[in-house]
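This is final15.pdb. It holds PDB, C-alpha atoms, pLDDT in the B column.
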MODEL        1
ATOM      1  CA  MET A 193       0.000   0.000   0.000  1.00 53.00           C
ATOM      2  CA  SER A 194       1.294   3.458  -0.844  1.00 67.00           C
ATOM      3  CA  THR A 195       1.508   6.323   1.593  1.00 86.00           C
ATOM      4  CA  GLY A 196       0.543   9.951   1.334  1.00 92.00           C
ATOM      5  CA  TYR A 197      -2.563  12.078   1.488  1.00 95.00           C
ATOM      6  CA  ILE A 198      -5.332  13.219  -0.826  1.00 94.00           C
ATOM      7  CA  LEU A 199      -6.037  16.948  -0.885  1.00 95.00           C
ATOM      8  CA  ASP A 200      -9.706  17.804  -1.267  1.00 95.00           C
ATOM      9  CA  HIS A 201     -10.922  21.197  -2.476  1.00 94.00           C
ATOM     10  CA  THR A 202     -10.881  22.648   1.053  1.00 94.00           C
ATOM     11  CA  ALA A 203      -7.238  21.601   1.472  1.00 95.00           C
ATOM     12  CA  VAL A 204      -6.314  23.112  -1.915  1.00 92.00           C
ATOM     13  CA  ARG A 205      -8.002  26.353  -0.864  1.00 90.00           C
ATOM     14  CA  ALA A 206      -6.195  26.283   2.518  1.00 92.00           C
ATOM     15  CA  LEU A 207      -2.897  25.785   0.680  1.00 92.00           C
ATOM     16  CA  ALA A 208      -3.684  28.644  -1.696  1.00 87.00           C
ATOM     17  CA  LEU A 209      -4.450  30.892   1.261  1.00 86.00           C
ATOM     18  CA  GLY A 210      -1.145  29.980   2.913  1.00 87.00           C
ATOM     19  CA  ARG A 211      -2.580  28.290   5.997  1.00 92.00           C
ATOM     20  CA  PRO A 212       0.283  27.133   8.268  1.00 94.00           C
ATOM     21  CA  TYR A 213      -0.965  23.530   8.544  1.00 95.00           C
ATOM     22  CA  MET A 214      -0.926  23.045   4.795  1.00 94.00           C
ATOM     23  CA  ALA A 215       2.425  24.776   4.375  1.00 92.00           C
ATOM     24  CA  ALA A 216       3.883  22.474   7.021  1.00 94.00           C
ATOM     25  CA  ARG A 217       2.268  19.432   5.375  1.00 93.00           C
ATOM     26  CA  VAL A 218       3.963  20.272   2.068  1.00 92.00           C
ATOM     27  CA  VAL A 219       7.332  20.684   3.783  1.00 91.00           C
ATOM     28  CA  VAL A 220       6.978  17.359   5.618  1.00 93.00           C
ATOM     29  CA  SER A 221       5.825  15.618   2.440  1.00 91.00           C
ATOM     30  CA  VAL A 222       8.810  16.936   0.500  1.00 88.00           C
ATOM     31  CA  GLU A 223      11.245  15.930   3.250  1.00 90.00           C
ATOM     32  CA  THR A 224       9.811  12.404   3.500  1.00 90.00           C
ATOM     33  CA  ALA A 225       9.050  11.923  -0.216  1.00 86.00           C
ATOM     34  CA  GLN A 226       5.375  11.444   0.646  1.00 90.00           C
ATOM     35  CA  PRO A 227       3.012  12.171  -2.266  1.00 92.00           C
ATOM     36  CA  LEU A 228       0.078  14.538  -1.992  1.00 94.00           C
ATOM     37  CA  TYR A 229      -2.606  13.407  -4.435  1.00 94.00           C
ATOM     38  CA  VAL A 230      -4.680  16.213  -5.949  1.00 93.00           C
ATOM     39  CA  PRO A 231      -7.861  15.144  -7.744  1.00 93.00           C
ATOM     40  CA  ALA A 232      -8.372  17.461 -10.737  1.00 89.00           C
ATOM     41  CA  VAL A 233     -11.895  18.474  -9.721  1.00 88.00           C
ATOM     42  CA  CYS A 234     -10.674  19.334  -6.218  1.00 91.00           C
ATOM     43  CA  PHE A 235      -7.888  21.441  -7.671  1.00 89.00           C
ATOM     44  CA  ALA A 236     -10.275  23.344  -9.932  1.00 84.00           C
ATOM     45  CA  GLN A 237     -12.838  23.977  -7.205  1.00 86.00           C
ATOM     46  CA  GLY A 238     -10.231  24.885  -4.593  1.00 87.00           C
ATOM     47  CA  MET A 239      -8.685  27.373  -6.974  1.00 83.00           C
ATOM     48  CA  ALA A 240     -12.083  28.796  -7.912  1.00 79.00           C
ATOM     49  CA  GLU A 241     -12.836  29.347  -4.218  1.00 80.00           C
ATOM     50  CA  SER A 242      -9.535  31.201  -3.728  1.00 75.00           C
ATOM     51  CA  VAL A 243      -8.757  34.750  -4.648  1.00 65.00           C
ATOM     52  CA  LEU A 244      -6.066  33.784  -7.125  1.00 65.00           C
ATOM     53  CA  GLY A 245      -4.559  37.237  -7.531  1.00 66.00           C
ATOM     54  CA  GLU A 246      -3.805  37.532  -3.823  1.00 65.00           C
ATOM     55  CA  VAL A 247      -2.256  34.104  -3.434  1.00 69.00           C
ATOM     56  CA  TYR A 248      -0.680  33.419  -6.816  1.00 72.00           C
ATOM     57  CA  GLU A 249       2.939  33.572  -5.675  1.00 74.00           C
ATOM     58  CA  GLN A 250       2.326  31.430  -2.563  1.00 76.00           C
ATOM     59  CA  LEU A 251       0.490  28.838  -4.604  1.00 74.00           C
ATOM     60  CA  GLN A 252       3.118  28.749  -7.356  1.00 75.00           C
ATOM     61  CA  ALA A 253       5.858  28.187  -4.767  1.00 78.00           C
ATOM     62  CA  ALA A 254       3.907  25.446  -2.994  1.00 80.00           C
ATOM     63  CA  LEU A 255       2.954  23.611  -6.196  1.00 78.00           C
ATOM     64  CA  ALA A 256       6.583  23.674  -7.354  1.00 81.00           C
ATOM     65  CA  ALA A 257       7.362  21.151  -4.599  1.00 84.00           C
ATOM     66  CA  PRO A 258       8.174  17.741  -6.129  1.00 86.00           C
ATOM     67  CA  THR A 259       5.519  15.982  -4.099  1.00 88.00           C
ATOM     68  CA  PHE A 260       2.237  16.671  -5.931  1.00 87.00           C
ATOM     69  CA  VAL A 261       0.559  13.985  -8.032  1.00 89.00           C
ATOM     70  CA  PHE A 262      -2.397  15.371  -9.968  1.00 85.00           C
ATOM     71  CA  ARG A 263      -5.187  12.847 -10.529  1.00 87.00           C
ATOM     72  CA  PRO A 264      -7.173  13.525 -13.717  1.00 84.00           C
ATOM     73  CA  LEU A 265     -10.586  12.128 -14.500  1.00 82.00           C
ATOM     74  CA  ASP A 266     -10.412   9.442 -17.180  1.00 85.00           C
ATOM     75  CA  GLU A 267     -13.638   8.084 -18.645  1.00 83.00           C
ATOM     76  CA  ALA A 268     -14.058   5.238 -16.145  1.00 86.00           C
ATOM     77  CA  SER A 269     -13.343   7.365 -13.100  1.00 88.00           C
ATOM     78  CA  CYS A 270     -15.608  10.117 -14.458  1.00 86.00           C
ATOM     79  CA  TRP A 271     -18.555   7.712 -14.332  1.00 89.00           C
ATOM     80  CA  ALA A 272     -17.583   6.454 -10.874  1.00 93.00           C
ATOM     81  CA  VAL A 273     -17.270   9.994  -9.483  1.00 93.00           C
ATOM     82  CA  ALA A 274     -20.602  10.990 -11.016  1.00 91.00           C
ATOM     83  CA  GLN A 275     -22.228   7.942  -9.428  1.00 94.00           C
ATOM     84  CA  ILE A 276     -20.806   8.768  -5.984  1.00 96.00           C
ATOM     85  CA  ALA A 277     -21.972  12.385  -6.318  1.00 94.00           C
ATOM     86  CA  HIS A 278     -25.457  11.322  -7.367  1.00 94.00           C
ATOM     87  CA  GLU A 279     -25.962   8.490  -4.853  1.00 96.00           C
ATOM     88  CA  ARG A 280     -24.522  10.374  -1.866  1.00 96.00           C
ATOM     89  CA  ALA A 281     -25.736  13.886  -2.779  1.00 95.00           C
ATOM     90  CA  ALA A 282     -22.140  15.128  -2.740  1.00 95.00           C
ATOM     91  CA  ASP A 283     -20.521  17.857  -4.793  1.00 93.00           C
ATOM     92  CA  MET A 284     -18.204  16.719  -7.579  1.00 91.00           C
ATOM     93  CA  ALA A 285     -14.994  17.753  -5.808  1.00 93.00           C
ATOM     94  CA  THR A 286     -15.876  15.770  -2.688  1.00 96.00           C
ATOM     95  CA  ALA A 287     -16.945  12.815  -4.823  1.00 95.00           C
ATOM     96  CA  HIS A 288     -13.650  12.905  -6.745  1.00 94.00           C
ATOM     97  CA  ALA A 289     -11.570  12.981  -3.553  1.00 96.00           C
ATOM     98  CA  ALA A 290     -13.700  10.160  -2.126  1.00 97.00           C
ATOM     99  CA  HIS A 291     -13.172   8.102  -5.277  1.00 97.00           C
ATOM    100  CA  VAL A 292      -9.387   8.528  -5.027  1.00 96.00           C
ATOM    101  CA  ALA A 293      -9.528   7.687  -1.298  1.00 97.00           C
ATOM    102  CA  LEU A 294     -11.599   4.550  -1.900  1.00 97.00           C
ATOM    103  CA  SER A 295      -9.285   3.357  -4.676  1.00 95.00           C
ATOM    104  CA  THR A 296      -6.023   4.064  -2.813  1.00 95.00           C
ATOM    105  CA  GLY A 297      -6.924   3.684   0.865  1.00 96.00           C
ATOM    106  CA  LEU A 298      -5.222   7.011   1.598  1.00 96.00           C
ATOM    107  CA  PRO A 299      -6.659   9.547   4.070  1.00 97.00           C
ATOM    108  CA  VAL A 300      -8.202  12.807   2.835  1.00 97.00           C
ATOM    109  CA  LEU A 301      -6.940  16.107   4.236  1.00 96.00           C
ATOM    110  CA  THR A 302     -10.038  18.264   4.644  1.00 97.00           C
ATOM    111  CA  LEU A 303     -11.894  20.929   6.575  1.00 96.00           C
ATOM    112  CA  GLN A 304     -15.060  18.805   6.185  1.00 96.00           C
ATOM    113  CA  PRO A 305     -14.408  15.234   7.401  1.00 97.00           C
ATOM    114  CA  ASN A 306     -18.110  14.478   7.869  1.00 97.00           C
ATOM    115  CA  ALA A 307     -18.719  14.911   4.140  1.00 97.00           C
ATOM    116  CA  TYR A 308     -16.555  11.834   3.522  1.00 98.00           C
ATOM    117  CA  LYS A 309     -18.082   9.755   6.310  1.00 96.00           C
ATOM    118  CA  GLN A 310     -21.470  10.309   4.624  1.00 96.00           C
ATOM    119  CA  ILE A 311     -20.051   8.773   1.460  1.00 97.00           C
ATOM    120  CA  ALA A 312     -18.300   5.806   3.098  1.00 97.00           C
ATOM    121  CA  THR A 313     -17.371   5.187   6.700  1.00 97.00           C
ATOM    122  CA  THR A 314     -14.218   3.453   5.484  1.00 97.00           C
ATOM    123  CA  ILE A 315     -12.726   6.714   4.182  1.00 98.00           C
ATOM    124  CA  ASP A 316     -10.059   7.964   6.577  1.00 97.00           C
ATOM    125  CA  THR A 317      -9.798  11.712   7.003  1.00 97.00           C
ATOM    126  CA  GLU A 318      -7.482  14.109   8.733  1.00 96.00           C
ATOM    127  CA  GLN A 319      -8.999  17.452   9.620  1.00 96.00           C
ATOM    128  CA  ILE A 320      -6.855  20.415   8.721  1.00 94.00           C
ATOM    129  CA  THR A 321      -6.766  23.371  11.051  1.00 87.00           C
TER     130      THR A 321
ENDMDL
END
Taking this structure as input, can you express it in the form of structure tokens?
Amino acid sequence: MSTGYILDHTAVRALALGRPYMAARVVVSVETAQPLYVPAVCFAQGMAESVLGEVYEQLQAALAAPTFVFRPLDEASCWAVAQIAHERAADMATAHAAHVALSTGLPVLTLQPNAYKQIATTIDTEQIT
């Protein structure tokens, strides 16, 4: 089993805003070669929820770290994410992070851990502060 974390849209937004927890998580992940998986939908929504102009330099510096693994939606995963979103009444970003968590067994870094427990109690989360 691999190690690392999945960043949901709230974690991407926290990183974009320069929250200390997320900055520290990136540093630790770089130092320990621990990947941070970023589902594409989570990245897009997290960025949309951020004020990009104010945080552009911070975000560029953080994303330059050699620890990020962006997870795109291929056709099969697109259908699976859509099914999770529909069946669990979840937004697409949460459904995409849940799909990656269910397929990898990795915990999701999030401000909203209950959103993932409503999808599947087997999804591990770590609440960011």
- prompt: Could you work out how far atom CA of Pro227 of chain A lies from atom CA of Thr259 of chain A, giving the answer in Å with one decimal?
  reply: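 It comes out at 4.9 Å.
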- Item | Answer key for the PyMOL selection byres ((chain A and resi 213-224) around 8), residues as a PyMOL selection string | chain A and resi 196+203+206-207+210-212+225-228+254+257-259+320-321
Just the selected residues (C-alpha atoms), exported as a PDB file, in the frame of the given file, please.
ATOM      1  CA  GLY A 196       0.543   9.951   1.334  1.00 92.00           C
ATOM      2  CA  ALA A 203      -7.238  21.601   1.472  1.00 95.00           C
ATOM      3  CA  ALA A 206      -6.195  26.283   2.518  1.00 92.00           C
ATOM      4  CA  LEU A 207      -2.897  25.785   0.680  1.00 92.00           C
ATOM      5  CA  GLY A 210      -1.145  29.980   2.913  1.00 87.00           C
ATOM      6  CA  ARG A 211      -2.580  28.290   5.997  1.00 92.00           C
ATOM      7  CA  PRO A 212       0.283  27.133   8.268  1.00 94.00           C
ATOM      8  CA  ALA A 225       9.050  11.923  -0.216  1.00 86.00           C
ATOM      9  CA  GLN A 226       5.375  11.444   0.646  1.00 90.00           C
ATOM     10  CA  PRO A 227       3.012  12.171  -2.266  1.00 92.00           C
ATOM     11  CA  LEU A 228       0.078  14.538  -1.992  1.00 94.00           C
ATOM     12  CA  ALA A 254       3.907  25.446  -2.994  1.00 80.00           C
ATOM     13  CA  ALA A 257       7.362  21.151  -4.599  1.00 84.00           C
ATOM     14  CA  PRO A 258       8.174  17.741  -6.129  1.00 86.00           C
ATOM     15  CA  THR A 259       5.519  15.982  -4.099  1.00 88.00           C
ATOM     16  CA  ILE A 320      -6.855  20.415   8.721  1.00 94.00           C
ATOM     17  CA  THR A 321      -6.766  23.371  11.051  1.00 87.00           C
TER      18      THR A 321
END
key: Within-12 Å shell of (-4.3, 11.2, -4.9) in input frame, all atoms listed in the file, as number ranges by chain   = A: 194-200, 226-235, 259-265, 288-301
For this session: State, in Å with one decimal place, the distance from atom CA of Met239 of chain A to atom CA of Thr302 of chain A.
Result: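 Spanning atom CA of Met239 of chain A to atom CA of Thr302 of chain A is a straight-line distance of 14.8 Å.
Taking atom CA of Ala285 of chain A as the reference point, atom CA of Ala253 of chain A is found at 23.3 Å.
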Judged by only C-alpha atoms, the minimum distance to Ala240 of chain A among A:Ile315, A:Ala281, A:Ala208, A:Ala287 is found for A:Ala208
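Comparing A:Ala256, A:Met284, A:Leu209, A:Val204 by their smallest distance to Ala307 of chain A, the closest is A:Met284 (using only C-alpha atoms).
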Selected residue of minimal separation from Ala282 of chain A among A:Ala236, A:Ile311, A:Leu251, A:Leu303, counting all atoms listed in the file: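 Under the stated criterion, the closest residue is A:Ile311.
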